[in-house]
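Text of run13.txt, listed as compact mmCIF, C-alpha atoms and all ligand atoms:
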```txt
# COMPACT_ATOMS: atom_id res chain seq x y z
CA MET A 267 216.66 31.73 -36.99
CA GLU A 268 214.33 33.11 -34.36
CA LYS A 269 211.98 30.56 -32.87
CA VAL A 270 208.32 31.05 -32.18
CA LEU A 271 206.17 29.04 -29.84
CA SER A 272 202.61 29.33 -28.68
CA GLY A 273 199.68 27.21 -27.61
CA ILE A 274 196.01 27.24 -26.79
CA ARG A 275 194.36 25.23 -24.04
CA SER A 276 191.96 22.49 -25.08
CA THR A 277 189.09 23.63 -22.92
CA GLY A 278 186.37 24.20 -25.50
CA GLN A 279 185.67 25.81 -28.84
CA LEU A 280 187.88 28.66 -30.00
CA HIS A 281 186.40 32.13 -30.39
CA LEU A 282 187.27 35.41 -32.08
CA GLY A 283 189.40 36.39 -29.06
CA ASN A 284 191.62 33.35 -29.60
CA TYR A 285 191.74 34.10 -33.31
CA PHE A 286 192.64 37.79 -33.19
CA GLY A 287 194.74 37.52 -30.04
CA ALA A 288 196.75 34.49 -31.07
CA LEU A 289 195.87 32.33 -34.08
CA ARG A 290 196.00 35.10 -36.66
CA ASN A 291 199.61 35.70 -35.69
CA PHE A 292 200.43 31.98 -35.70
CA VAL A 293 199.29 31.74 -39.29
CA LYS A 294 201.36 34.73 -40.37
CA LEU A 295 204.47 33.78 -38.43
CA GLN A 296 204.64 30.21 -39.72
CA HIS A 297 206.00 31.46 -43.02
CA GLU A 298 208.58 33.75 -41.45
CA LYS A 299 210.09 31.87 -38.50
CA GLU A 300 210.74 28.43 -37.10
CA CYS A 301 207.41 27.81 -35.45
CA TYR A 302 206.06 25.44 -32.83
CA PHE A 303 202.35 25.49 -32.09
CA PHE A 304 200.84 23.12 -29.60
CA ILE A 305 197.60 22.20 -27.90
CA ALA A 306 197.91 22.77 -24.16
CA ASN A 307 196.05 19.70 -22.91
CA VAL A 308 198.05 19.51 -19.68
CA HIS A 309 197.27 23.11 -18.82
CA ALA A 310 193.64 22.27 -19.54
CA LEU A 311 193.79 19.71 -16.71
CA THR A 312 194.20 22.46 -14.15
CA THR A 313 190.54 23.38 -14.61
CA HIS A 314 188.96 20.67 -16.83
CA ASN A 315 189.36 17.07 -15.73
CA ASP A 316 186.82 15.03 -17.69
CA PRO A 317 188.96 12.64 -19.81
CA VAL A 318 186.38 12.14 -22.56
CA GLN A 319 185.81 15.85 -23.00
CA LEU A 320 189.53 16.46 -22.89
CA ARG A 321 190.21 14.13 -25.79
CA GLU A 322 187.39 15.65 -27.80
CA SER A 323 188.68 19.11 -27.06
CA VAL A 324 192.19 18.29 -28.26
CA LYS A 325 190.77 17.09 -31.57
CA SER A 326 188.53 20.12 -31.78
CA VAL A 327 191.40 22.59 -31.28
CA LEU A 328 193.57 20.72 -33.79
CA THR A 329 190.73 20.96 -36.32
CA GLU A 330 190.38 24.67 -35.64
CA TYR A 331 194.13 25.24 -35.98
CA ILE A 332 194.15 23.68 -39.44
CA ALA A 333 190.89 25.34 -40.48
CA CYS A 334 192.36 28.74 -39.60
CA GLY A 335 195.36 28.10 -41.83
CA LEU A 336 198.07 26.46 -39.73
CA ASP A 337 200.07 24.24 -42.04
CA PRO A 338 201.70 21.11 -40.62
CA ASP A 339 204.15 21.20 -43.54
CA VAL A 340 205.68 24.47 -42.36
CA ALA A 341 205.07 24.60 -38.61
CA ALA A 342 205.48 21.89 -36.00
CA ILE A 343 202.04 21.24 -34.56
CA TYR A 344 201.88 19.00 -31.52
CA ILE A 345 200.02 18.07 -28.39
CA GLN A 346 201.62 19.23 -25.14
CA SER A 347 201.54 15.78 -23.49
CA ASP A 348 203.43 14.31 -26.47
CA LEU A 349 206.53 16.25 -25.47
CA PRO A 350 207.23 14.89 -21.99
CA GLU A 351 210.60 16.66 -21.80
CA THR A 352 208.48 19.68 -21.00
CA TYR A 353 207.69 18.15 -17.62
CA GLU A 354 211.38 17.57 -16.89
CA LEU A 355 212.11 21.21 -17.43
CA TYR A 356 208.96 22.14 -15.49
CA THR A 357 210.33 20.23 -12.47
CA LEU A 358 213.63 22.07 -12.64
CA LEU A 359 212.00 25.46 -13.10
CA ASN A 360 209.72 24.77 -10.13
CA MET A 361 212.80 25.05 -7.91
CA LEU A 362 213.29 28.59 -9.21
CA ALA A 363 209.69 29.72 -8.77
CA TYR A 364 208.50 31.04 -5.45
CA LYS A 365 205.15 30.46 -3.78
CA GLY A 366 204.71 34.16 -3.07
CA GLU A 367 205.08 35.28 -6.68
CA LEU A 368 202.91 32.42 -7.97
CA GLU A 369 200.14 33.32 -5.54
CA LYS A 370 200.20 36.91 -6.78
CA THR A 371 199.64 35.94 -10.44
CA VAL A 372 196.43 37.53 -11.72
CA SER A 373 195.24 34.39 -13.55
CA PHE A 374 195.78 32.28 -10.41
CA LYS A 375 193.84 34.69 -8.23
CA GLU A 376 190.98 34.82 -10.75
CA LYS A 377 190.73 31.06 -11.11
CA ALA A 378 190.98 30.50 -7.35
CA ARG A 379 188.19 33.01 -6.84
CA LYS A 380 185.99 31.38 -9.49
CA SER A 381 186.54 27.80 -8.28
CA PRO A 382 187.52 27.89 -4.59
CA ASN A 383 187.07 24.10 -4.35
CA ASN A 384 189.66 23.34 -7.00
CA VAL A 385 192.72 25.38 -6.10
CA ASN A 386 195.17 22.64 -7.07
CA ALA A 387 198.97 22.89 -7.15
CA GLY A 388 198.90 22.71 -10.96
CA LEU A 389 196.91 25.90 -11.01
CA LEU A 390 199.47 27.59 -8.78
CA THR A 391 202.40 26.48 -10.94
CA TYR A 392 200.59 27.11 -14.24
CA PRO A 393 203.06 29.87 -15.23
CA VAL A 394 205.99 27.51 -14.56
CA LEU A 395 204.64 24.89 -16.96
CA MET A 396 204.01 27.65 -19.46
CA ALA A 397 207.61 28.82 -19.11
CA ALA A 398 208.76 25.21 -19.66
CA ASP A 399 206.66 25.04 -22.87
CA ILE A 400 208.45 28.11 -24.17
CA LEU A 401 211.98 27.50 -22.91
CA ILE A 402 212.15 23.85 -24.02
CA HIS A 403 212.35 25.19 -27.58
CA ARG A 404 214.41 28.21 -26.62
CA ALA A 405 211.71 30.30 -28.24
CA HIS A 406 212.16 34.06 -28.65
CA LYS A 407 208.70 35.14 -29.70
CA VAL A 408 205.43 34.03 -28.18
CA PRO A 409 202.32 35.22 -30.02
CA VAL A 410 199.61 35.63 -27.37
CA GLY A 411 196.83 37.99 -26.34
CA LYS A 412 197.14 40.67 -23.70
CA ASP A 413 195.93 38.39 -20.89
CA GLN A 414 199.15 36.32 -21.15
CA GLU A 415 201.54 39.24 -20.69
CA GLN A 416 202.20 38.53 -17.01
CA HIS A 417 202.93 34.86 -17.73
CA LEU A 418 205.57 35.94 -20.25
CA GLU A 419 207.14 38.25 -17.72
CA MET A 420 207.36 35.31 -15.32
CA ALA A 421 208.87 33.09 -18.03
CA ARG A 422 211.60 35.71 -18.49
CA ASN A 423 212.24 35.76 -14.75
CA PHE A 424 212.55 31.97 -14.59
CA ALA A 425 214.87 31.97 -17.63
CA GLN A 426 217.06 34.65 -16.05
CA ARG A 427 217.26 32.80 -12.76
CA PHE A 428 218.17 29.57 -14.53
CA ASN A 429 220.86 31.30 -16.59
CA HIS A 430 222.21 33.03 -13.54
CA ARG A 431 222.41 29.85 -11.50
CA TYR A 432 223.60 27.37 -14.14
CA GLU A 433 224.88 28.88 -17.37
CA GLU A 434 224.82 32.43 -18.75
CA ASP A 435 222.65 32.86 -21.87
CA PHE A 436 221.44 29.27 -21.77
CA PHE A 437 217.85 30.33 -22.38
CA PRO A 438 216.94 33.36 -24.48
CA GLU A 439 214.37 35.67 -22.89
CA PRO A 440 210.99 35.12 -24.53
CA PHE A 441 208.70 38.03 -25.37
CA ALA A 442 204.97 38.21 -26.03
CA PHE A 443 204.39 39.11 -29.65
CA ASN A 444 201.75 40.65 -31.85
CA PHE A 445 202.09 42.02 -35.39
CA GLY A 446 200.45 45.29 -34.37
CA ASP A 447 201.96 47.71 -31.87
CA GLU A 448 200.22 46.27 -28.88
CA LEU A 449 198.98 42.95 -27.58
CA VAL A 450 195.32 42.45 -28.35
CA LYS A 451 192.41 42.18 -25.96
CA VAL A 452 189.22 41.27 -27.80
CA PRO A 453 186.21 42.34 -25.73
CA GLY A 454 183.18 40.16 -25.13
CA LEU A 455 179.65 41.10 -26.18
CA ASP A 456 178.36 41.57 -22.66
CA GLY A 457 179.73 45.06 -22.16
CA ASN A 458 182.72 44.47 -19.94
CA GLY A 459 185.81 42.32 -19.89
CA LYS A 460 187.34 40.12 -22.54
CA MET A 461 185.83 37.54 -24.81
CA GLY A 462 186.27 34.17 -23.12
CA LYS A 463 185.39 30.50 -23.52
CA SER A 464 183.53 30.40 -20.23
CA GLU A 465 182.12 33.90 -19.76
CA GLY A 466 178.51 33.02 -20.54
CA VAL A 467 176.94 31.83 -23.80
CA ASN A 468 176.35 35.25 -25.31
CA ASN A 469 179.74 36.72 -24.54
CA ALA A 470 181.80 34.99 -27.22
CA ILE A 471 181.49 34.42 -30.96
CA PHE A 472 182.89 30.96 -31.64
CA LEU A 473 184.53 29.97 -34.92
CA ARG A 474 181.89 27.23 -35.20
CA ASP A 475 178.88 29.50 -34.65
CA ASP A 476 176.30 29.46 -37.44
CA ASP A 477 174.84 32.63 -38.96
CA GLN A 478 171.75 32.68 -36.80
CA THR A 479 173.67 32.19 -33.59
CA ILE A 480 176.03 35.02 -34.46
CA GLN A 481 173.13 37.29 -35.32
CA LYS A 482 171.32 36.49 -32.08
CA LYS A 483 174.37 37.05 -29.92
CA VAL A 484 175.30 40.34 -31.55
CA MET A 485 171.76 41.69 -31.43
CA LYS A 486 171.73 40.96 -27.68
CA ALA A 487 174.99 42.83 -27.06
CA LYS A 488 174.73 45.50 -24.39
CA THR A 489 174.30 49.13 -25.53
CA ASP A 490 173.35 52.39 -23.83
CA GLY A 491 170.83 55.18 -24.47
CA GLY A 492 172.96 56.70 -27.25
CA PRO A 493 175.33 59.68 -27.41
CA GLN A 494 174.11 62.78 -25.54
CA SER A 495 176.32 65.29 -27.31
CA GLU A 496 178.40 65.46 -30.47
CA ASN A 497 181.90 63.95 -30.47
CA SER A 498 181.47 62.55 -26.98
CA GLU A 499 183.52 59.82 -25.35
CA LYS A 500 182.08 56.33 -25.88
CA PRO A 501 181.05 54.27 -22.85
CA GLU A 502 182.77 50.90 -22.38
CA GLU A 503 180.12 48.72 -24.05
CA ILE A 504 179.98 50.91 -27.16
CA LYS A 505 183.76 51.12 -27.36
CA ASN A 506 183.76 47.33 -27.33
CA LEU A 507 181.37 47.12 -30.27
CA PHE A 508 183.62 49.48 -32.22
CA THR A 509 186.67 47.37 -31.30
CA LEU A 510 184.92 44.31 -32.71
CA LEU A 511 183.83 46.25 -35.80
CA ASN A 512 187.45 47.26 -36.34
CA LEU A 513 188.48 43.60 -36.37
CA VAL A 514 185.97 42.25 -38.88
CA SER A 515 184.72 45.20 -40.96
CA ASN A 516 186.41 47.35 -43.59
CA THR A 517 187.65 50.85 -42.78
CA ASP A 518 184.80 52.59 -44.65
CA THR A 519 182.23 50.80 -42.53
CA VAL A 520 184.04 51.68 -39.33
CA GLN A 521 184.33 55.32 -40.42
CA PHE A 522 180.64 55.44 -41.32
CA PHE A 523 179.61 54.40 -37.82
CA GLU A 524 182.26 56.61 -36.18
CA ASP A 525 180.75 59.59 -38.04
CA LYS A 526 177.25 58.53 -37.02
CA TRP A 527 178.37 58.32 -33.40
CA ASN A 528 180.01 61.72 -33.57
CA ASP A 529 176.96 63.47 -35.02
CA CYS A 530 174.59 61.62 -32.66
CA GLY A 531 172.83 59.94 -35.58
CA ILE A 532 173.88 56.42 -34.70
CA ARG A 533 171.30 53.64 -34.63
CA TYR A 534 172.59 50.73 -32.62
CA GLY A 535 170.31 48.31 -34.50
CA ASP A 536 172.10 49.20 -37.75
CA LEU A 537 175.51 48.97 -36.15
CA LYS A 538 174.74 45.52 -34.74
CA LYS A 539 173.28 44.26 -38.02
CA GLN A 540 176.41 45.31 -39.85
CA LEU A 541 178.68 43.85 -37.17
CA ALA A 542 176.79 40.55 -37.23
CA GLN A 543 176.99 40.39 -41.04
CA ASP A 544 180.72 41.10 -41.09
CA MET A 545 181.31 38.51 -38.37
CA ILE A 546 179.31 35.99 -40.36
CA ASN A 547 181.36 36.77 -43.48
CA PHE A 548 184.50 36.28 -41.46
CA VAL A 549 183.52 33.10 -39.63
CA THR A 550 181.72 31.24 -42.44
CA PRO A 551 184.75 30.05 -44.47
CA ILE A 552 186.49 28.94 -41.27
CA ARG A 553 183.40 27.09 -40.05
CA GLU A 554 183.04 25.37 -43.42
CA LYS A 555 186.64 24.17 -43.24
CA ILE A 556 186.09 22.91 -39.70
CA VAL A 557 183.06 20.91 -40.83
CA ASP A 558 185.05 19.47 -43.76
CA LEU A 559 188.04 18.53 -41.65
CA GLU A 560 185.90 16.87 -39.05
CA GLN A 561 184.88 14.33 -41.66
CA ASN A 562 188.54 13.51 -42.18
CA ASP A 563 189.59 11.79 -39.00
CA ALA A 564 192.48 10.03 -40.73
CA LEU A 565 194.06 13.35 -41.70
CA LEU A 566 193.69 14.76 -38.18
CA GLN A 567 195.23 11.62 -36.72
CA LYS A 568 198.10 11.86 -39.18
CA ILE A 569 198.79 15.49 -38.26
CA ALA A 570 198.64 14.70 -34.53
CA ARG A 571 200.92 11.68 -34.93
CA ARG A 572 203.41 13.63 -36.95
CA VAL A 573 204.46 15.29 -33.74
CA LEU A 574 207.50 17.49 -34.08
CA LYS A 575 208.51 17.30 -37.67
CA LYS A 576 211.67 19.09 -36.68
CA PRO A 577 213.54 17.22 -33.96
CA VAL A 578 213.50 19.00 -30.63
CA GLN A 579 216.82 19.74 -29.12
CA VAL A 580 216.24 17.95 -25.86
CA LEU A 581 217.79 19.85 -23.01
CA MET A 582 219.78 18.40 -20.14
P1 LIG B 601 194.13 30.27 -23.67
O1 LIG B 601 193.72 28.93 -24.13
O2 LIG B 601 193.43 30.89 -22.54
O3 LIG B 601 194.08 31.30 -24.83
C1 LIG B 601 194.75 31.04 -26.04
C2 LIG B 601 195.24 32.32 -26.68
O4 LIG B 601 194.14 33.16 -26.99
C3 LIG B 601 194.37 34.44 -26.44
N1 LIG B 601 193.08 35.02 -26.04
C4 LIG B 601 192.73 36.28 -26.30
N2 LIG B 601 193.39 37.27 -26.94
C5 LIG B 601 192.74 38.45 -27.05
N3 LIG B 601 191.50 38.67 -26.57
C6 LIG B 601 190.80 37.70 -25.94
N4 LIG B 601 189.58 37.92 -25.50
C7 LIG B 601 191.43 36.43 -25.77
N5 LIG B 601 191.06 35.27 -25.19
C8 LIG B 601 192.08 34.42 -25.36
C9 LIG B 601 195.27 34.21 -25.25
O5 LIG B 601 195.97 35.39 -24.91
C10 LIG B 601 196.16 33.12 -25.76
O6 LIG B 601 197.21 33.65 -26.54
N6 LIG B 601 198.28 29.95 -21.02
C11 LIG B 601 197.82 29.91 -22.38
C12 LIG B 601 198.16 28.59 -23.07
C13 LIG B 601 199.60 28.26 -23.03
C14 LIG B 601 200.64 28.95 -23.70
C15 LIG B 601 201.85 28.27 -23.34
C16 LIG B 601 200.68 30.04 -24.55
C17 LIG B 601 200.16 27.25 -22.31
N7 LIG B 601 201.52 27.26 -22.51
C18 LIG B 601 203.08 28.68 -23.83
C19 LIG B 601 201.90 30.46 -25.04
C20 LIG B 601 203.10 29.80 -24.67
C21 LIG B 601 196.31 30.09 -22.33
O7 LIG B 601 195.71 30.00 -21.31
O8 LIG B 601 195.72 30.25 -23.45
```
As a first step, turn the structure in this file into structure tokens.
Amino acid sequence: MEKVLSGIRSTGQLHLGNYFGALRNFVKLQHEKECYFFIANVHALTTHNDPVQLRESVKSVLTEYIACGLDPDVAAIYIQSDLPETYELYTLLNMLAYKGELEKTVSFKEKARKSPNNVNAGLLTYPVLMAADILIHRAHKVPVGKDQEQHLEMARNFAQRFNHRYEEDFFPEPFAFNFGDELVKVPGLDGNGKMGKSEGVNNAIFLRDDDQTIQKKVMKAKTDGGPQSENSEKPEEIKNLFTLLNLVSNTDTVQFFEDKWNDCGIRYGDLKKQLAQDMINFVTPIREKIVDLEQNDALLQKIARRVLKKPVQVLM
């Protein structure tokens, strides 16, 4: 059976980008394939090094996984550092990864630019550890958002090099996966770029946000002066609002605002109110489950301790 693996870094609360880019697919795939979903606490160390916060963050992501519908009875849910064989493979793959290609990785360049005082070797070899996460299970499908596409391409390169050097077809080539046609990039609310955990407080809608917070953030979202002619092209920030509407609202609602845009009758206040309400409707049941689960430390501990229900085929 095809294997699926993916993970999310424990660097803060999860947002709608994580949900629609990754988690939604985890939940669907768990019933169809042999699935491994983990919490990338070692990857988190490349940028976040406070041990207390790290532990809290691992628990927080685990809670959010379960609240979103991941089921430890059908998928293996684990914490990255609980599978130390990953580091063994990481060491071996490091011999097949070249400084030049690692330095050219978009995520490395971005992080180095943002934090020039913390350009550590772990950051440089981030894609190698990610490849080890995937290849240790010989996973075929990796549900991720668009921003991880380059990392998957690198994982395929490392797998090919390993196979070529040591044993043909030892590792299958892993591919980024989404149930739709394309990988998803959920935009932020600030008009440009993607929704992110650390792109400013008003950029992301978190799964833990309460109604008022969601409303406030959406009402502050960037808009323009409105369409100047019928059926015109939408500017980036308006396109983004429609992308978000498409994710959380029903098709009639989306069509209603599309028509309003096209005949220049759109009122951004109405669009934002509707978007906020539909986001609230979407987030509320998840938030309630998070709050419930957080009271149940014993259950969370049990899930975390149950590491790898299915035995991992340890390589080498
Ligand atoms: P991380 O923690 O940055 O993001 C977790 C997942 O959420 C997706 N995502 C988005 N998708 C669409 N739109 C957005 N705005 C958005 N923001 C985040 C990401 O694409 C990702 O799927 N390197 C990974 C963690 C990782 C991993 C792995 C993933 C470590 N090892 C092995 C898969 C396989 C990361 O940084 O995720």
Check which residues fall inside 7 Å of ligand LIG 601 (chain B) when counting all atoms listed in the file, and print them as a VMD selection string.
-> chain A and resid 271 to 276 283 to 288 306 309 395 to 397 399 to 400 408 to 414 450 to 454 460 to 462
Okay, now the selection with C-alpha atoms, as a PDB file, in the coordinates of the input?
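Dumped to result.pdb:
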```pdb
ATOM      1  CA  LEU A 271     206.170  29.040 -29.840  1.00  0.00           C
ATOM      2  CA  SER A 272     202.610  29.330 -28.680  1.00  0.00           C
ATOM      3  CA  GLY A 273     199.680  27.210 -27.610  1.00  0.00           C
ATOM      4  CA  ILE A 274     196.010  27.240 -26.790  1.00  0.00           C
ATOM      5  CA  ARG A 275     194.360  25.230 -24.040  1.00  0.00           C
ATOM      6  CA  SER A 276     191.960  22.490 -25.080  1.00  0.00           C
ATOM      7  CA  GLY A 283     189.400  36.390 -29.060  1.00  0.00           C
ATOM      8  CA  ASN A 284     191.620  33.350 -29.600  1.00  0.00           C
ATOM      9  CA  TYR A 285     191.740  34.100 -33.310  1.00  0.00           C
ATOM     10  CA  PHE A 286     192.640  37.790 -33.190  1.00  0.00           C
ATOM     11  CA  GLY A 287     194.740  37.520 -30.040  1.00  0.00           C
ATOM     12  CA  ALA A 288     196.750  34.490 -31.070  1.00  0.00           C
ATOM     13  CA  ALA A 306     197.910  22.770 -24.160  1.00  0.00           C
ATOM     14  CA  HIS A 309     197.270  23.110 -18.820  1.00  0.00           C
ATOM     15  CA  LEU A 395     204.640  24.890 -16.960  1.00  0.00           C
ATOM     16  CA  MET A 396     204.010  27.650 -19.460  1.00  0.00           C
ATOM     17  CA  ALA A 397     207.610  28.820 -19.110  1.00  0.00           C
ATOM     18  CA  ASP A 399     206.660  25.040 -22.870  1.00  0.00           C
ATOM     19  CA  ILE A 400     208.450  28.110 -24.170  1.00  0.00           C
ATOM     20  CA  VAL A 408     205.430  34.030 -28.180  1.00  0.00           C
ATOM     21  CA  PRO A 409     202.320  35.220 -30.020  1.00  0.00           C
ATOM     22  CA  VAL A 410     199.610  35.630 -27.370  1.00  0.00           C
ATOM     23  CA  GLY A 411     196.830  37.990 -26.340  1.00  0.00           C
ATOM     24  CA  LYS A 412     197.140  40.670 -23.700  1.00  0.00           C
ATOM     25  CA  ASP A 413     195.930  38.390 -20.890  1.00  0.00           C
ATOM     26  CA  GLN A 414     199.150  36.320 -21.150  1.00  0.00           C
ATOM     27  CA  VAL A 450     195.320  42.450 -28.350  1.00  0.00           C
ATOM     28  CA  LYS A 451     192.410  42.180 -25.960  1.00  0.00           C
ATOM     29  CA  VAL A 452     189.220  41.270 -27.800  1.00  0.00           C
ATOM     30  CA  PRO A 453     186.210  42.340 -25.730  1.00  0.00           C
ATOM     31  CA  GLY A 454     183.180  40.160 -25.130  1.00  0.00           C
ATOM     32  CA  LYS A 460     187.340  40.120 -22.540  1.00  0.00           C
ATOM     33  CA  MET A 461     185.830  37.540 -24.810  1.00  0.00           C
ATOM     34  CA  GLY A 462     186.270  34.170 -23.120  1.00  0.00           C
TER      35      GLY A 462
END
```
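Ranking A:Arg474, A:Lys482, A:Lys568, A:Lys365 by their shortest atom-to-atom distance to A:Arg553, with only C-alpha atoms included, puts A:Arg474 first.
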One decimal place gives the atom CA of A:Pro393-atom CA of A:Ala363 separation as 9.3 Å
Write out as a PyMOL selection string which residues come within 9 Å of A:Phe508 when counting all atoms listed in the file, dropping same-chain ones fewer than 6 positions away.
-> chain A and resi 520+523-524+541
Separation of atom CA of A:Arg427 from atom CA of A:Ile305 in Å |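 Computing the Euclidean distance for atom CA of A:Ile305 and atom CA of A:Arg427 yields 27.0 Å.
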What gap, in Å, lies between atom CA of A:Arg533 and atom CA of A:Lys463?
->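 These atoms are spaced 29.3 Å apart.
Residues with any atom within 9 Å of A:Ile343, counting only C-alpha atoms and excluding same-chain neighbours fewer than 4 positions away, are Cys301, Tyr302, Phe303, Phe304, Ile305, Leu328, Tyr331, Leu336, Asp337, Pro338, Ile569, Ala570, Arg572, Val573, Leu574 and Lys575 of chain A.
The shortest atom-to-atom distance to A:Leu507, with only C-alpha atoms taken into account, belongs to A:Asn469 out of A:Thr277, A:Thr313, A:Asn469, A:Gln494.
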Could you give me, as a list of chain:residue names, the residues within 7 Å of stretch 527-529 of chain A, counting all atoms listed in the file and dropping anything in the same chain fewer than 5 positions from it?
->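 My list of contacting residues is A:Pro493, A:Glu496, A:Asn497, A:Ser498.
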